[in-house]
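Asks: Take a look at this one; I'll ask things after.
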Amino acid sequence: HAPLALRGGRVASPALAAILSMFIPGAGQLYTGRLLAGVLWFLAVTAGYALIIPGLILHVFNIVSAASSAHRLNSTIARFQLEPAELRR
């Protein structure tokens, strides 16, 4: 299945991925199709909030990671579309 970010012929939005992860840690990774990363970020940030400061730091890293995931997804799709058909076989 295609990641939610790419459904409907759209490109993945790094801003939307970051916003999703701002509200729910790991949601931006889920948006870009990275299920395991999303679950792990959710667990790590939630556990970090038990100690407050580590949770805040992890949450910021999670938001940056979500935006980066969307950029990587877009780069991968663009590169795949530019490859000659013979290389995709």
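Chain labels follow the order of the structure tokens: the first chain is A, the next B, and so on; residue numbering restarts at 1 in every chain, and ligands are counted from 1 in their shown order.
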Just the alpha helix (DSSP H) stuff from chain A, please, per backbone DSSP, written as a PyMOL selection string.
Replies: chain A and resi 14-23+27-31+35-48+53-82
Asks: Check the smallest atom-to-atom distance from each of A:Gly38, A:Val45, A:Gly28, A:Gly33 to Pro14 in chain A using only C-alpha atoms, then report the winner.
Replies: A:Gly28
Asks: Could you list, as JSON, numbers by chain, every residue within 10 Å of Ala17 in chain A, counting only C-alpha atoms and ignoring same-chain residues fewer than 4 positions away?
Replies: {"A": [5, 12, 13, 21, 22, 26, 27, 28, 29, 30, 31, 32, 63, 64, 65, 66, 67, 68, 69, 70, 71]}
Asks: Could those residues be written to a file, using C-alpha atoms, as a PDB file, in the first residue's frame?
Replies:
```
ATOM      1  CA  ALA A   5       1.191  11.004   2.235  1.00  0.00           C
ATOM      2  CA  ALA A  12       4.452  14.229   1.006  1.00  0.00           C
ATOM      3  CA  SER A  13       4.249  17.469   2.966  1.00  0.00           C
ATOM      4  CA  SER A  21       4.138  14.724  15.102  1.00  0.00           C
ATOM      5  CA  MET A  22       3.833  17.904  17.136  1.00  0.00           C
ATOM      6  CA  GLY A  26       5.148   9.399  15.666  1.00  0.00           C
ATOM      7  CA  ALA A  27       2.096  10.477  13.652  1.00  0.00           C
ATOM      8  CA  GLY A  28       4.278  12.172  11.030  1.00  0.00           C
ATOM      9  CA  GLN A  29       6.217   8.959  10.520  1.00  0.00           C
ATOM     10  CA  LEU A  30       2.947   7.046  10.119  1.00  0.00           C
ATOM     11  CA  TYR A  31       1.856   9.644   7.530  1.00  0.00           C
ATOM     12  CA  THR A  32       5.004   8.880   5.504  1.00  0.00           C
ATOM     13  CA  ILE A  63       9.149  16.520  14.761  1.00  0.00           C
ATOM     14  CA  VAL A  64      12.371  17.077  12.796  1.00  0.00           C
ATOM     15  CA  SER A  65      12.518  13.368  11.927  1.00  0.00           C
ATOM     16  CA  ALA A  66       8.947  13.441  10.597  1.00  0.00           C
ATOM     17  CA  ALA A  67       9.698  16.362   8.276  1.00  0.00           C
ATOM     18  CA  SER A  68      12.883  14.621   7.151  1.00  0.00           C
ATOM     19  CA  SER A  69      10.907  11.442   6.405  1.00  0.00           C
ATOM     20  CA  ALA A  70       8.612  13.384   4.097  1.00  0.00           C
ATOM     21  CA  HIS A  71      11.597  14.943   2.297  1.00  0.00           C
TER      22      HIS A  71
END
```
Asks: In Å to one decimal, how far is CA of Leu4 in chain A from CA of Ala44 in chain A?
Replies: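 That distance, rounded to one decimal, is 23.0 Å.
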